[in-house]
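Chemist: Below is the file data.txt, which contains compact mmCIF, C-alpha atoms (C1' of nucleotides).
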# COMPACT_ATOMS: atom_id res chain seq x y z
CA MET Z 1 -14.79 19.33 -22.74
CA PRO Z 2 -11.55 17.87 -21.54
CA SER Z 3 -11.03 19.64 -18.26
CA ASN Z 4 -12.56 21.56 -15.39
CA ASP Z 5 -12.49 25.19 -14.32
CA ARG Z 6 -10.11 25.12 -11.36
CA LYS Z 7 -6.57 26.31 -11.53
CA PRO Z 8 -3.81 23.77 -10.99
CA LEU Z 9 -2.09 23.98 -7.63
CA THR Z 10 1.33 25.52 -7.33
CA ALA Z 11 4.10 22.96 -7.32
CA GLU Z 12 4.73 23.37 -3.60
CA ALA Z 13 1.11 23.23 -2.63
CA LEU Z 14 0.59 20.17 -4.73
CA GLU Z 15 3.60 18.49 -3.29
CA ARG Z 16 2.44 19.10 0.26
CA ALA Z 17 -1.15 18.16 -0.44
CA VAL Z 18 -0.22 15.20 -2.55
CA GLY Z 19 2.11 13.79 0.06
CA GLU Z 20 -0.37 14.14 2.86
CA THR Z 21 -3.28 12.92 0.83
CA ALA Z 22 -1.41 9.99 -0.61
CA ARG Z 23 -0.59 8.83 2.88
CA MET Z 24 -4.19 9.18 3.87
CA LEU Z 25 -5.57 7.40 0.84
CA LYS Z 26 -3.07 4.63 1.13
CA CYS Z 27 -4.23 4.17 4.67
CA LEU Z 28 -7.88 4.15 3.63
CA GLY Z 29 -7.14 1.65 0.89
CA HIS Z 30 -7.78 -1.31 3.10
CA PRO Z 31 -11.13 -3.08 3.44
CA THR Z 32 -10.99 -3.37 7.20
CA ARG Z 33 -10.14 0.26 7.67
CA LEU Z 34 -12.94 1.33 5.36
CA GLN Z 35 -15.35 -0.75 7.37
CA ILE Z 36 -14.16 0.88 10.55
CA LEU Z 37 -14.61 4.27 8.96
CA ASP Z 38 -18.10 3.42 7.84
CA LEU Z 39 -18.99 2.26 11.31
CA LEU Z 40 -17.67 5.42 12.90
CA GLU Z 41 -19.56 7.57 10.44
CA HIS Z 42 -22.84 6.00 11.40
CA ARG Z 43 -22.38 5.49 15.07
CA GLY Z 44 -20.09 8.32 16.09
CA GLU Z 45 -17.30 7.71 18.55
CA LEU Z 46 -16.71 4.10 19.47
CA THR Z 47 -14.30 2.28 21.72
CA VAL Z 48 -11.75 -0.21 20.54
CA SER Z 49 -13.79 -3.08 21.89
CA ASP Z 50 -16.97 -1.83 20.26
CA ILE Z 51 -15.21 -2.03 16.95
CA HIS Z 52 -13.49 -5.27 17.68
CA GLY Z 53 -16.87 -6.73 18.56
CA GLU Z 54 -18.84 -5.32 15.64
CA LEU Z 55 -16.39 -6.29 12.95
CA ASN Z 56 -15.14 -9.58 14.35
CA LEU Z 57 -11.58 -8.42 14.49
CA GLU Z 58 -8.96 -9.52 16.95
CA GLN Z 59 -8.55 -6.84 19.56
CA ALA Z 60 -4.94 -6.28 18.58
CA VAL Z 61 -5.87 -5.98 14.93
CA ALA Z 62 -8.55 -3.41 15.67
CA SER Z 63 -6.16 -1.43 17.81
CA GLN Z 64 -3.48 -1.51 15.14
CA HIS Z 65 -5.78 -0.26 12.41
CA LEU Z 66 -7.15 2.46 14.65
CA SER Z 67 -3.66 3.62 15.57
CA LEU Z 68 -2.65 3.74 11.96
CA MET Z 69 -5.61 5.87 11.01
CA ARG Z 70 -5.00 8.13 13.93
CA ASP Z 71 -1.37 8.60 12.93
CA LYS Z 72 -2.52 9.73 9.51
CA GLY Z 73 -4.88 12.27 11.03
CA ILE Z 74 -7.98 10.39 9.96
CA LEU Z 75 -9.25 9.54 13.42
CA SER Z 76 -9.37 11.30 16.74
CA ARG Z 77 -8.79 9.61 20.06
CA ARG Z 78 -10.22 10.38 23.45
CA ARG Z 79 -9.57 8.53 26.64
CA GLU Z 80 -12.35 8.12 29.16
CA GLY Z 81 -11.32 6.01 32.09
CA VAL Z 82 -10.23 2.66 30.85
CA HIS Z 83 -11.92 3.14 27.50
CA VAL Z 84 -10.55 4.85 24.44
CA TYR Z 85 -12.96 6.40 22.02
CA TYR Z 86 -12.06 6.80 18.38
CA GLY Z 87 -13.97 9.07 16.05
CA LEU Z 88 -13.67 10.76 12.68
CA ALA Z 89 -11.22 13.64 12.80
CA ASN Z 90 -11.01 14.58 9.18
CA PRO Z 91 -13.83 15.77 6.95
CA ARG Z 92 -11.86 14.62 3.95
CA ALA Z 93 -12.17 11.04 5.05
CA SER Z 94 -15.92 11.47 5.12
CA LYS Z 95 -15.86 12.67 1.56
CA VAL Z 96 -14.16 9.49 0.56
CA LEU Z 97 -16.94 7.57 2.20
CA GLU Z 98 -19.44 9.47 0.13
CA CYS Z 99 -17.78 8.08 -2.94
CA ILE Z 100 -18.17 4.58 -1.63
CA ARG Z 101 -21.84 4.94 -0.95
CA GLU Z 102 -22.58 6.55 -4.26
CA SER Z 103 -21.23 3.60 -6.11
CA ALA Z 104 -22.82 1.09 -3.80
CA GLY Z 105 -26.34 2.32 -4.41
CA MET H 1 -24.21 15.13 17.06
CA PRO H 2 -22.38 11.91 16.63
CA SER H 3 -23.51 10.74 13.23
CA ASN H 4 -25.06 11.54 9.90
CA ASP H 5 -28.44 10.89 8.32
CA ARG H 6 -27.66 8.11 5.87
CA LYS H 7 -28.48 4.51 6.48
CA PRO H 8 -25.61 2.05 6.78
CA LEU H 9 -25.12 -0.16 3.77
CA THR H 10 -26.22 -3.76 3.84
CA ALA H 11 -23.44 -6.16 4.62
CA GLU H 12 -23.21 -7.39 1.05
CA ALA H 13 -23.33 -3.96 -0.52
CA LEU H 14 -20.68 -2.75 1.85
CA GLU H 15 -18.50 -5.70 1.15
CA ARG H 16 -18.70 -5.17 -2.57
CA ALA H 17 -18.25 -1.43 -2.37
CA VAL H 18 -15.56 -1.66 0.24
CA GLY H 19 -13.56 -4.15 -1.74
CA GLU H 20 -13.72 -2.18 -4.94
CA THR H 21 -13.15 1.13 -3.29
CA ALA H 22 -10.29 -0.12 -1.17
CA ARG H 23 -8.51 -1.27 -4.29
CA MET H 24 -9.07 2.08 -5.89
CA LEU H 25 -7.97 4.09 -2.88
CA LYS H 26 -4.92 1.96 -2.39
CA CYS H 27 -4.05 2.69 -5.96
CA LEU H 28 -4.59 6.42 -5.51
CA GLY H 29 -2.52 6.39 -2.35
CA HIS H 30 0.69 7.13 -4.15
CA PRO H 31 2.14 10.59 -4.74
CA THR H 32 3.08 9.97 -8.34
CA ARG H 33 -0.32 8.61 -9.22
CA LEU H 34 -2.05 11.54 -7.57
CA GLN H 35 0.10 13.91 -9.59
CA ILE H 36 -0.85 12.09 -12.75
CA LEU H 37 -4.48 12.32 -11.80
CA ASP H 38 -4.20 16.02 -11.13
CA LEU H 39 -2.54 16.55 -14.47
CA LEU H 40 -5.23 14.64 -16.31
CA GLU H 41 -7.96 16.55 -14.56
CA HIS H 42 -6.60 19.85 -15.75
CA ARG H 43 -5.39 18.95 -19.17
CA GLY H 44 -7.74 16.20 -20.26
CA GLU H 45 -6.43 13.19 -22.10
CA LEU H 46 -2.66 12.94 -22.36
CA THR H 47 -0.24 10.51 -23.89
CA VAL H 48 2.25 8.49 -21.94
CA SER H 49 5.10 10.66 -23.13
CA ASP H 50 3.25 13.86 -22.24
CA ILE H 51 3.04 12.61 -18.70
CA HIS H 52 6.51 11.23 -18.64
CA GLY H 53 7.77 14.61 -19.77
CA GLU H 54 5.66 16.79 -17.48
CA LEU H 55 6.37 14.87 -14.32
CA ASN H 56 9.97 13.87 -14.94
CA LEU H 57 9.24 10.21 -14.73
CA GLU H 58 11.02 7.44 -16.52
CA GLN H 59 8.92 6.34 -19.44
CA ALA H 60 8.55 2.86 -18.00
CA VAL H 61 7.51 4.23 -14.64
CA ALA H 62 4.86 6.43 -16.19
CA SER H 63 3.54 3.54 -18.22
CA GLN H 64 3.41 1.30 -15.18
CA HIS H 65 1.48 3.77 -13.07
CA LEU H 66 -0.93 4.43 -15.89
CA SER H 67 -1.55 0.75 -16.42
CA LEU H 68 -2.20 0.23 -12.75
CA MET H 69 -4.76 2.99 -12.64
CA ARG H 70 -6.40 1.70 -15.74
CA ASP H 71 -6.66 -1.79 -14.27
CA LYS H 72 -8.48 -0.33 -11.30
CA GLY H 73 -10.94 1.44 -13.54
CA ILE H 74 -9.61 4.87 -12.69
CA LEU H 75 -8.31 5.75 -16.13
CA SER H 76 -9.45 5.19 -19.67
CA ARG H 77 -7.16 4.38 -22.55
CA ARG H 78 -7.46 5.22 -26.20
CA ARG H 79 -5.02 4.39 -28.93
CA GLU H 80 -4.45 6.85 -31.74
CA GLY H 81 -1.79 5.74 -34.12
CA VAL H 82 1.39 5.25 -32.20
CA HIS H 83 0.18 7.27 -29.28
CA VAL H 84 -1.91 6.12 -26.34
CA TYR H 85 -4.11 8.62 -24.60
CA TYR H 86 -5.05 8.18 -20.98
CA GLY H 87 -7.87 10.08 -19.36
CA LEU H 88 -10.07 10.05 -16.30
CA ALA H 89 -12.61 7.25 -16.46
CA ASN H 90 -14.13 7.42 -13.04
CA PRO H 91 -15.97 10.32 -11.47
CA ARG H 92 -15.15 8.94 -8.07
CA ALA H 93 -11.48 9.56 -8.64
CA SER H 94 -12.28 13.18 -9.35
CA LYS H 95 -14.09 13.45 -6.07
CA VAL H 96 -10.97 12.33 -4.32
CA LEU H 97 -9.09 15.07 -6.08
CA GLU H 98 -11.58 17.60 -4.79
CA CYS H 99 -10.60 16.59 -1.30
CA ILE H 100 -6.99 17.29 -2.08
CA ARG H 101 -7.63 20.74 -3.41
CA GLU H 102 -9.91 21.73 -0.59
CA SER H 103 -7.23 21.12 1.95
CA ALA H 104 -4.48 22.60 -0.15
CA GLY H 105 -6.06 26.03 -0.42
C1' DA M 1 10.50 -5.71 -45.00
C1' DC M 2 13.02 -2.41 -42.06
C1' DC M 3 13.62 1.16 -38.96
C1' DC M 4 12.31 4.23 -35.37
C1' DG M 5 9.75 6.39 -31.94
C1' DA M 6 6.09 5.25 -28.56
C1' DT M 7 4.51 2.13 -25.25
C1' DA M 8 4.54 -2.03 -22.49
C1' DT M 9 6.52 -5.84 -19.96
C1' DC M 10 9.97 -8.41 -17.32
C1' DG M 11 13.21 -9.48 -13.45
C1' DA M 12 15.73 -8.22 -9.39
C1' DG M 13 16.76 -6.04 -5.04
C1' DA M 14 15.13 -2.93 -1.53
C1' DC M 15 11.57 -1.79 1.21
C1' DA M 16 6.86 -1.62 3.23
C1' DT M 17 2.66 -3.89 4.89
C1' DA M 18 -0.55 -7.58 6.71
C1' DT M 19 -1.51 -10.93 9.99
C1' DA M 20 -1.23 -13.52 14.05
C1' DC M 21 0.31 -14.35 18.47
C1' DA M 22 2.40 -13.16 22.74
C1' DT M 23 3.19 -9.77 25.91
C1' DA M 24 3.17 -5.18 27.89
C1' DT M 25 0.87 -1.01 29.53
C1' DT M 26 -2.87 1.64 31.50
C1' DC M 27 -6.52 2.68 34.59
C1' DG M 28 -10.18 1.88 37.91
C1' DT M 29 -11.22 -0.55 41.88
C1' DA M 30 -10.99 -3.67 45.81
C1' DT J 1 -0.56 -2.36 45.98
C1' DA J 2 -2.50 -6.12 43.52
C1' DC J 3 -5.95 -7.53 40.22
C1' DG J 4 -8.63 -7.48 35.99
C1' DA J 5 -10.49 -5.48 31.93
C1' DA J 6 -9.26 -2.44 28.07
C1' DT J 7 -5.86 -1.03 25.07
C1' DA J 8 -1.30 -0.99 23.02
C1' DT J 9 3.09 -2.79 21.46
C1' DG J 10 6.60 -6.19 19.86
C1' DT J 11 8.18 -9.81 16.92
C1' DA J 12 8.20 -13.01 13.10
C1' DT J 13 6.75 -14.62 8.77
C1' DA J 14 4.56 -14.04 4.57
C1' DT J 15 3.20 -11.19 0.97
C1' DG J 16 3.02 -7.14 -1.69
C1' DT J 17 4.83 -2.88 -3.73
C1' DC J 18 8.40 0.51 -5.66
C1' DT J 19 11.98 1.40 -8.58
C1' DC J 20 15.20 0.72 -12.03
C1' DG J 21 17.33 -1.09 -16.02
C1' DA J 22 16.90 -4.03 -19.81
C1' DT J 23 14.18 -5.72 -23.28
C1' DA J 24 10.06 -6.61 -25.90
C1' DT J 25 6.03 -5.10 -28.72
C1' DC J 26 3.38 -2.13 -31.55
C1' DG J 27 2.38 1.16 -35.48
C1' DG J 28 3.61 4.31 -39.03
C1' DG J 29 6.53 5.83 -42.51
C1' DT J 30 10.06 4.82 -46.08
Go ahead and render the structure in this file as structure tokens.
Modeler:
Amino acid sequence: MPSNDRKPLTAEALERAVGETARMLKCLGHPTRLQILDLLEHRGELTVSDIHGELNLEQAVASQHLSLMRDKGILSRRREGVHVYYGLANPRASKVLECIRESAG
Amino acid sequence: MPSNDRKPLTAEALERAVGETARMLKCLGHPTRLQILDLLEHRGELTVSDIHGELNLEQAVASQHLSLMRDKGILSRRREGVHVYYGLANPRASKVLECIRESAG
DNA sequence: ACCCGATATCGAGACATATACATATTCGTA
DNA sequence: TACGAATATGTATATGTCTCGATATCGGGT
């Protein structure tokens, strides 16, 4: 059985979805960003310094990665006083994490 | 509800899984490669020239993308005479495709 | 052995990304 | 308004990736 039972997308839908998804996957294709994602999945919203502390990243590096993921629609951002909380914004990103865990046993 | 019910991975398991998965996601994070993946999901194994024809890619470009995905363990490769058939080798890649279709309606 | 179609590899130029460090901005508070 | 902690941005260098065109290899038929 070579295939599955879903219909292919229309060309336009594919193009839209493919473009957006490719950008997202490309962004997720980085060890540090996957670690951040994993952390956020388990702990919920975290501040930049939480993440920078947990993962031993330079503050600037943490901030850069978080910004990137936010730009791609992967993370949400919420300011509370002097702190900025990042959290998962996209259920699709969580699905990708599922794949990781499955293969990691 | 900030989180989910799974336990975090151990550091070593995460590192392994994260490394491997990051490489795979990075590879999938390219519009052309996603298109190829979509095609293979719906049509099963295809030759290089099938793909090069369907997607209007230069033959060399198609071959390069296919090789890349094979190196990452995403695709399988089978020679039959002068033709080479590529197909999906990794169920995780299919999961990623699910995410695309969900959001594409 | 030779040819031809199918596939793979190579090299170059353009372009994007990673990393690190310095510096800037923002916000609460004194 | 001036300070300090939290966050963000800028710049430079190194490294990687994309694309394209040219060329090489591989396998089957004659």
Chemist: Please identify all polymer residues lying at most 8 Å from the point (-9.4, -2.7, 31.0) (file coordinates), using only C-alpha atoms (C1' of nucleotides), and present the result as a PDB file with C-alpha atoms (C1' of nucleotides), keeping the file's coordinate frame.
Modeler:
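Writing the result to result_2.pdb gives the following:
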ATOM      1  CA  VAL Z  82     -10.230   2.660  30.850  1.00  0.00           C
ATOM      2  CA  HIS Z  83     -11.920   3.140  27.500  1.00  0.00           C
TER       3      HIS Z  83
ATOM      4  C1'  DT M  26      -2.870   1.640  31.500  1.00  0.00           C
ATOM      5  C1'  DC M  27      -6.520   2.680  34.590  1.00  0.00           C
TER       6       DC M  27
ATOM      7  C1'  DG J   4      -8.630  -7.480  35.990  1.00  0.00           C
ATOM      8  C1'  DA J   5     -10.490  -5.480  31.930  1.00  0.00           C
ATOM      9  C1'  DA J   6      -9.260  -2.440  28.070  1.00  0.00           C
ATOM     10  C1'  DT J   7      -5.860  -1.030  25.070  1.00  0.00           C
TER      11       DT J   7
END
Chemist: Taking only C-alpha atoms (C1' of nucleotides) into account, which residues of chain M are within 10 Å of chain H, as a PyMOL selection string?
Modeler: chain M and resi 5-9
Chemist: Selection from above, C-alpha atoms (C1' of nucleotides), as a compact mmCIF listing (two decimals), keeping the file's coordinate frame, can you write it?
Modeler:
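Saved the output as part22.txt:
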# COMPACT_ATOMS: atom_id res chain seq x y z
C1' DG M 5 9.75 6.39 -31.94
C1' DA M 6 6.09 5.25 -28.56
C1' DT M 7 4.51 2.13 -25.25
C1' DA M 8 4.54 -2.03 -22.49
C1' DT M 9 6.52 -5.84 -19.96
Chemist: As an exercise, work out the distance from atom CA of Z:Ala13 to atom CA of H:Leu37 in Å and give it to one decimal place.
Modeler: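 Computing the Euclidean distance for atom CA of Z:Ala13 and atom CA of H:Leu37 yields 15.3 Å.
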Chemist: Would you mind reading off the distance between atom C1' of J:DT17 and atom CA of Z:Ala22, one decimal, in Å?
Modeler: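 According to the coordinates, atom C1' of J:DT17 and atom CA of Z:Ala22 are separated by 14.6 Å.
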Chemist: Please identify every residue of chain J that has at least one atom no farther than 10 Å from an atom of chain H, counting all atoms listed in the file, and for each give the shortest atom pair and the distance in Å to one decimal, arranged by chain then increasing number, as a Markdown table.
Modeler:
| residue | atom | partner | partner_atom | distance |
| --- | --- | --- | --- | --- |
| J:DC18 | C1' | H:Val61 | CA | 9.8 |
| J:DT19 | C1' | H:Val61 | CA | 8.0 |
| J:DC20 | C1' | H:Val61 | CA | 8.8 |
| J:DG21 | C1' | H:Ala60 | CA | 9.8 |
| J:DC26 | C1' | H:Val82 | CA | 7.7 |
| J:DG27 | C1' | H:Val82 | CA | 5.3 |
| J:DG28 | C1' | H:Val82 | CA | 7.2 |
